[in-house]
Amino acid sequence: MKTRKTQPTLQDLADHLGASVHGDGRVRIKSIAPIQAAGEGDLTFVTGAKYLPAAAASPAAAVLIDQTPPVDIHKPLLIHPNPYACLARLIGYFHPPTQARPGIRRGAWVEKGARVHKSAVVYPGASVRAGAKIGARTVLHPGTYVGENSVLGEDCLLYPNVVVREDCVLGNRVILQPGVVIGSDGFGFAKEGEGYLKIPQVGNVVLEDDVEIGAGSAVDRAVLGTTKIGKGTKLDNLVHIGHNCVVGKHTVIAGQSGMAGSTQVGDHCAFGGQVGVAGHLKIGDHVTLATRAGVMENIPEAGVYWGAPSAPMKEEMKNVAAYRNLPSLVRRVRHLEKALKRLDPSFTKDDPEGGKP
């Protein structure tokens with residue numbers, strides 16, 4: 001990543017973001033930094049009222065915030081209702097990506113019959129098999145492998161040691177972090193005698209536009225047909241998507257989560273870390289699964305779910321609270337049993353009627 005050489009004014013940044021300025025918009029901004037590291041000339045940011053005192057004490061030149069604070073922090077403010085999205089844009093603004101020189105580098109292996117756009121970049125050690133197609137401005141870092149007849153769209157970025165196996169399709173602006181495997185064989189075996197017979201996995205994987213997949217994740221190819229990840233969906237590191245799954249648009253899945261084969265997930269869903277989803281299920285739109293949820297049945301309705309097996313979050317929190325009260329409840333029951341025994345010697349906990357008709 002390179003660093004921007006010019007220093008825009010705060011008003012320049014506001015115009016770039018569609019934000020407003022409270023205070024002196026002429027102040028020059030050299031970079032953006034968190035509160036604890038911000039220095040003179042930096043723009044810092046706050047995501048809650050508890051950080052306002054630290055922002056006021058910081059030597060930063062200005063502060064990015066969602067609204068005018070209740071107290072004066074004695075600095076110019078860059079105000080936008082979504083400062084987190086502004087932060088993402090500003091990091092890219094101050095640290096624009098390095099533009100690689102187009103072309104196939106010496107040491108890259110591109111088979112005859114592969115089509116690589118003249119503006120694409122193929123670094124040494126990358127492999128492109130026959131029939132594959134690499135779109136404009138797409139970058140293949142060292143160690144990447146693109147299998148036969150796979151298609152990569154425009155402006156894709158494949159970091160080192162990414163594997164895209166045969167017949168898979170990537171849309172535009174897809175980002176695959178190091179070690180991602182697209183189109184690996186799914187977990188398909190048929191019981192035969194005392195062993196297992198491998199079921200050939202002859203389908204493919206389709207990643208739509210603007211999908212990003214984190215390091216070490218795997219999306220298995222379909223047995224037949226297509227495993228699909230919808231437009232704008234983001235997978236964290238170490239996520240596993242089983243064969244024939246369909247994940248909708250603009251869904252986010254945090255690390256160490258996985259779903260078994262043929263599960264369908266809707267649009268705008270959010271999975272916390274270590275979520276597990278059984279196979280052949282349907283999860284509707286706008287479903288949030290909290291960390292370590294275990295999904296064993298369909299979830300058709302939007303909402304927040306937690307637990308294993310998963311249940312609506314509010315219900316499961318009540319269950320957890322009740323469970324934590326279980327030791328004291330057991331003590332109370334034992335106390336009541338002793339009291340009943342004193343009142344009625346024939347009472348036993350195994351036979352509360354005392355053997356009476």
# chains A, B, ... in the order shown; residues from 1 in each chain; ligands from 1
call {"tool": "select_by_dssp", "arguments": {"residues": "region 257-319 of chain A", "states": "helix (DSSP H, G or I)", "output": "list in words"}}
result
Met313, Lys314, Glu315, Glu316, Met317, Lys318 and Asn319 of chain A
call {"tool": "residues_around", "arguments": {"residues": "region 249-256 of chain A", "least_positions_apart": "2", "cutoff": "12 Å", "atoms": "only C-alpha atoms", "output": "PyMOL selection string"}}
result
chain A and resi 207-218+228-241+246-247+258-259+264-277+283-293
call {"tool": "residues_around", "arguments": {"residues": "Pro102 (chain A)", "least_positions_apart": "2", "cutoff": "10 Å", "atoms": "only C-alpha atoms", "output": "PyMOL selection string"}}
result
chain A and resi 99-100+104-105+117-123+136-139
call {"tool": "write_last_selection", "arguments": {"atoms": "N, CA and C atoms", "output": "compact mmCIF listing (two decimals), in the first residue's frame"}}
result
# COMPACT_ATOMS: atom_id res chain seq x y z
N GLN A 99 -0.78 0.03 -7.99
CA GLN A 99 -1.22 -0.48 -9.28
C GLN A 99 -0.08 -1.26 -9.93
N ALA A 100 -0.31 -2.56 -10.11
CA ALA A 100 0.72 -3.42 -10.70
C ALA A 100 0.79 -3.21 -12.21
N ILE A 104 1.88 -10.82 -18.11
CA ILE A 104 2.22 -12.14 -17.58
C ILE A 104 3.72 -12.15 -17.29
N ARG A 105 4.08 -12.32 -16.01
CA ARG A 105 5.48 -12.25 -15.61
C ARG A 105 6.21 -13.55 -15.99
N HIS A 117 -6.63 -11.38 -20.19
CA HIS A 117 -6.78 -10.02 -20.70
C HIS A 117 -5.45 -9.27 -20.59
N LYS A 118 -5.20 -8.43 -21.56
CA LYS A 118 -3.91 -7.73 -21.61
C LYS A 118 -3.68 -6.82 -20.42
N SER A 119 -4.73 -6.42 -19.71
CA SER A 119 -4.56 -5.55 -18.54
C SER A 119 -4.46 -6.35 -17.24
N ALA A 120 -4.61 -7.67 -17.31
CA ALA A 120 -4.49 -8.51 -16.12
C ALA A 120 -3.03 -8.66 -15.71
N VAL A 121 -2.81 -9.11 -14.49
CA VAL A 121 -1.46 -9.32 -13.97
C VAL A 121 -1.36 -10.77 -13.50
N VAL A 122 -0.37 -11.50 -14.02
CA VAL A 122 -0.12 -12.88 -13.60
C VAL A 122 1.32 -12.96 -13.10
N TYR A 123 1.49 -13.10 -11.79
CA TYR A 123 2.82 -13.06 -11.18
C TYR A 123 3.54 -14.41 -11.34
N ALA A 136 -10.29 -8.41 -17.27
CA ALA A 136 -9.49 -7.18 -17.24
C ALA A 136 -9.12 -6.79 -15.81
N ARG A 137 -7.86 -6.40 -15.66
CA ARG A 137 -7.30 -5.87 -14.41
C ARG A 137 -7.33 -6.85 -13.24
N THR A 138 -7.60 -8.09 -13.51
CA THR A 138 -7.56 -9.11 -12.46
C THR A 138 -6.10 -9.45 -12.16
N VAL A 139 -5.80 -9.69 -10.87
CA VAL A 139 -4.43 -9.94 -10.42
C VAL A 139 -4.34 -11.32 -9.80
call {"tool": "residues_around", "arguments": {"residues": "Ala62 (chain A)", "least_positions_apart": "6", "cutoff": "8 Å", "atoms": "only C-alpha atoms", "output": "list in words"}}
result
Leu10, Gly41, Asp42, Leu43, Thr44, Lys75, Pro76, Leu77 and Leu78 of chain A
call {"tool": "atom_distance", "arguments": {"atom1": "CA of Arg334 (chain A)", "atom2": "CA of Ala321 (chain A)"}}
result
20.8 Å
call {"tool": "decode", "arguments": {"residues": "region 164-206 of chain A", "atoms": "N, CA and C atoms", "output": "CSV table (one decimal), in the first residue's frame"}}
result
chain,number,residue,atom,x,y,z
A,164,VAL,N,-8.5,-22.0,-7.6
A,164,VAL,CA,-9.8,-22.0,-8.2
A,164,VAL,C,-9.8,-23.2,-9.1
A,165,ARG,N,-10.5,-24.2,-8.8
A,165,ARG,CA,-10.5,-25.4,-9.6
A,165,ARG,C,-11.3,-25.3,-10.8
A,166,GLU,N,-11.3,-26.4,-11.6
A,166,GLU,CA,-11.9,-26.4,-12.9
A,166,GLU,C,-13.4,-26.0,-12.9
A,167,ASP,N,-13.8,-25.3,-14.0
A,167,ASP,CA,-15.2,-25.0,-14.3
A,167,ASP,C,-15.9,-24.0,-13.4
A,168,CYS,N,-15.1,-23.4,-12.5
A,168,CYS,CA,-15.7,-22.4,-11.5
A,168,CYS,C,-15.8,-21.0,-12.2
A,169,VAL,N,-16.7,-20.2,-11.6
A,169,VAL,CA,-16.9,-18.9,-12.2
A,169,VAL,C,-16.9,-17.8,-11.1
A,170,LEU,N,-16.1,-16.8,-11.3
A,170,LEU,CA,-16.0,-15.7,-10.4
A,170,LEU,C,-16.5,-14.4,-11.1
A,171,GLY,N,-17.3,-13.7,-10.4
A,171,GLY,CA,-17.8,-12.4,-11.0
A,171,GLY,C,-16.8,-11.3,-11.0
A,172,ASN,N,-17.2,-10.1,-11.0
A,172,ASN,CA,-16.3,-9.0,-11.0
A,172,ASN,C,-16.0,-8.6,-9.5
A,173,ARG,N,-14.7,-8.1,-9.3
A,173,ARG,CA,-14.3,-7.5,-8.0
A,173,ARG,C,-14.3,-8.6,-6.9
A,174,VAL,N,-14.1,-9.8,-7.2
A,174,VAL,CA,-14.0,-10.8,-6.2
A,174,VAL,C,-12.6,-10.8,-5.6
A,175,ILE,N,-12.6,-10.9,-4.3
A,175,ILE,CA,-11.3,-10.9,-3.5
A,175,ILE,C,-11.2,-12.2,-2.8
A,176,LEU,N,-10.1,-13.0,-3.0
A,176,LEU,CA,-9.8,-14.2,-2.3
A,176,LEU,C,-8.5,-14.1,-1.6
A,177,GLN,N,-8.6,-14.2,-0.3
A,177,GLN,CA,-7.4,-14.0,0.6
A,177,GLN,C,-6.5,-15.3,0.5
A,178,PRO,N,-5.3,-15.2,1.0
A,178,PRO,CA,-4.4,-16.3,0.9
A,178,PRO,C,-4.9,-17.7,1.3
A,179,GLY,N,-4.7,-18.7,0.5
A,179,GLY,CA,-5.1,-20.1,0.9
A,179,GLY,C,-6.5,-20.4,0.7
A,180,VAL,N,-7.3,-19.6,0.1
A,180,VAL,CA,-8.7,-19.9,-0.2
A,180,VAL,C,-8.7,-21.0,-1.3
A,181,VAL,N,-9.7,-22.0,-1.1
A,181,VAL,CA,-9.9,-23.0,-2.1
A,181,VAL,C,-11.3,-22.9,-2.6
A,182,ILE,N,-11.5,-22.7,-3.9
A,182,ILE,CA,-12.8,-22.7,-4.5
A,182,ILE,C,-13.0,-23.9,-5.4
A,183,GLY,N,-14.0,-24.7,-5.2
A,183,GLY,CA,-14.2,-25.8,-6.0
A,183,GLY,C,-13.5,-27.1,-5.6
A,184,SER,N,-13.2,-27.2,-4.3
A,184,SER,CA,-12.7,-28.4,-3.8
A,184,SER,C,-13.8,-29.5,-3.7
A,185,ASP,N,-13.4,-30.8,-3.7
A,185,ASP,CA,-14.5,-31.8,-3.7
A,185,ASP,C,-15.3,-31.7,-2.4
A,186,GLY,N,-16.6,-31.8,-2.5
A,186,GLY,CA,-17.4,-31.9,-1.3
A,186,GLY,C,-17.3,-33.2,-0.6
A,187,PHE,N,-17.8,-33.3,0.6
A,187,PHE,CA,-17.8,-34.5,1.5
A,187,PHE,C,-18.9,-35.4,1.1
A,188,GLY,N,-18.6,-36.2,0.0
A,188,GLY,CA,-19.6,-37.1,-0.5
A,188,GLY,C,-19.1,-38.5,-0.6
A,189,PHE,N,-19.7,-39.4,0.2
A,189,PHE,CA,-19.3,-40.8,0.2
A,189,PHE,C,-20.5,-41.7,0.4
A,190,ALA,N,-20.6,-42.7,-0.3
A,190,ALA,CA,-21.7,-43.7,-0.2
A,190,ALA,C,-21.2,-44.9,0.6
A,191,LYS,N,-22.0,-45.3,1.6
A,191,LYS,CA,-21.6,-46.5,2.3
A,191,LYS,C,-21.7,-47.7,1.4
A,192,GLU,N,-20.7,-48.5,1.4
A,192,GLU,CA,-20.7,-49.8,0.6
A,192,GLU,C,-19.9,-50.8,1.3
A,193,GLY,N,-20.6,-51.8,1.8
A,193,GLY,CA,-20.0,-52.8,2.6
A,193,GLY,C,-19.4,-52.2,3.9
A,194,GLU,N,-18.2,-52.5,4.1
A,194,GLU,CA,-17.5,-52.0,5.3
A,194,GLU,C,-16.8,-50.7,5.1
A,195,GLY,N,-16.9,-50.2,3.8
A,195,GLY,CA,-16.1,-49.0,3.5
A,195,GLY,C,-17.1,-47.9,2.9
A,196,TYR,N,-16.4,-47.0,2.2
A,196,TYR,CA,-17.2,-45.9,1.6
A,196,TYR,C,-16.7,-45.7,0.2
A,197,LEU,N,-17.7,-45.4,-0.7
A,197,LEU,CA,-17.4,-45.2,-2.1
A,197,LEU,C,-17.5,-43.7,-2.4
A,198,LYS,N,-16.4,-43.1,-2.9
A,198,LYS,CA,-16.4,-41.7,-3.2
A,198,LYS,C,-17.5,-41.4,-4.3
A,199,ILE,N,-18.3,-40.3,-4.0
A,199,ILE,CA,-19.2,-39.8,-5.0
A,199,ILE,C,-18.6,-38.7,-5.8
A,200,PRO,N,-18.4,-38.9,-7.1
A,200,PRO,CA,-17.7,-37.9,-7.9
A,200,PRO,C,-18.4,-36.5,-7.8
A,201,GLN,N,-17.6,-35.5,-7.6
A,201,GLN,CA,-18.2,-34.1,-7.4
A,201,GLN,C,-17.9,-33.4,-8.8
A,202,VAL,N,-18.9,-33.4,-9.6
A,202,VAL,CA,-18.7,-32.9,-11.0
A,202,VAL,C,-19.4,-31.6,-11.3
A,203,GLY,N,-20.0,-30.9,-10.2
A,203,GLY,CA,-20.6,-29.6,-10.4
A,203,GLY,C,-19.5,-28.5,-10.4
A,204,ASN,N,-19.9,-27.3,-10.0
A,204,ASN,CA,-19.0,-26.2,-9.9
A,204,ASN,C,-19.3,-25.2,-8.8
A,205,VAL,N,-18.6,-24.1,-8.7
A,205,VAL,CA,-18.9,-23.0,-7.8
A,205,VAL,C,-19.0,-21.7,-8.6
A,206,VAL,N,-20.0,-20.9,-8.2
A,206,VAL,CA,-20.2,-19.6,-8.7
A,206,VAL,C,-20.1,-18.6,-7.6
